[in-house]
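Here the structure is laid out as structure tokens; the discussion comes afterwards.
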2 protein chains.
Amino acid sequence: MTGTEQTRAVVERYLETMTGRDWDAFSTVLAEDVVYELPQTNERITGRDKYLQFNREYPGDWVLTVTRLLVDGSAAAATMNFTVGDEEMVGLVYLQVSDGLVSRVTDFWPEPYEPPAGREHLVERVPSELDRFTG
Amino acid sequence: MTGTEQTRAVVERYLETMTGRDWDAFSTVLAEDVVYELPQTNERITGRDKYLQFNREYPGDWVLTVTRLLVDGSAAAATMNFTVGDEEMVGLVYLQVSDGLVSRVTDFWPEPYEPPAGREHLVERVPSELDRFTG
């Protein structure tokens with residue numbers, strides 16, 4: 001079990017090196033058998049080499065801004081605004097740290113949708129202050 | 001600033017009373033000026049009475065299972081599998097606690113999508129062990 005403060009340091013380094021596209025430094029916080037999963041597409045990537053390649057090859061001139069980071073024991077949750085040109089997306093990620101290295105990353109990419117009818121009497125339509133979507 | 005252990009107790013009660021649809025008990029953990037927001041639809045509900053009504057009126061015979069809970073200071077992040085009949089959805093929620101009550105709830109409902117082309121050489125297609133989607 002990795003303690004909260006060690007987890008925080010590891011995950012901060014993970015996010016900082018990802019934000020800076022410093023893939024060599026990024027690789028040093030990954031467990032050799034790291035699992036990266038995208039539950040929305042049922043995709044899974046296993047192992048540091050493949051996960052690094054996935055990140056290096058990821059297309060687009062994206063810019064990441066971390067908007068939330070929560071750390072609890074060996075687990076962390078982060079949210080980010082992800083901008084590619086004029087398009088903004090929100091990324092939601094859950095991480096596990098084992099032996100001081102990131103061992104599991106679970107990523108979600110929610111998309112804008114039209115609200116269902118029937119609750120107009122309760123809601124206002126205003127953009128979130130923190131989470132930035134276009135589309 | 002609410003401490004981590006108080007936040008954990010408040011958020012556990014929030015999740016437990018929501019899971020049990022015990023709306024009277026649920027209301028006791030909500031701040032009077034609680035803000036509930038859905039960034040994907042730009043919807044916002046302000047105030048305990050409206051947020052309670054939103055939950056009481058929410059359609060469908062849903063069943064909730066909490067799959068992750070992280071607490072860090074006055075913030076929490078939870079994930080849940082949400083089943084309505086044969087349909088499974090995943091809910092991702094971020095909460096803030098102030099003065100021992102839930103003061104902000106930010107909810108995301110990611111949906112399944114087809115993976116973009118170009119990374120087949122790195123991925124397997126396997127369902128997430130924890131997060132359950134249909135569709």
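In the structure tokens, the first chain shown is A, the next is B, and so on; residue numbers restart at 1 for each chain, and ligands run from 1 in the order shown.
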
Test item: residues at most 7 Å from A:Thr83, only C-alpha atoms, excluding those fewer than 3 positions along its chain, as a PyMOL selection string: chain A and resi 62-64+86-89

Contacts of stretch 19-34 of chain A within 9 Å, only C-alpha atoms, excl. fewer than 6 positions in-chain, as a count of residues only: 25

Return the neighbours of chain B among the residues of chain A, cut-off 9 Å, counting only C-alpha atoms, as a VMD selection string. chain A and resid 37 to 46 50 to 51 53 to 54 57 to 58 69 to 73 75 to 77 92 106 108 to 115 119 122 to 133

List every residue of stretch 15-124 of chain A that DSSP, applied to the backbone of this structure, places in strand (DSSP E), and write the result as a count of residues only. 55

Point-to-point distance from atom CA of A:Val93 to atom CA of A:Thr7, Å rounded to tenths: 14.5 Å

What separation in Å, quoted to one decimal, exists between atom CA of B:Glu5 and atom CA of A:Gly91?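 One can read the atom CA of B:Glu5 to atom CA of A:Gly91 distance as 27.3 Å.
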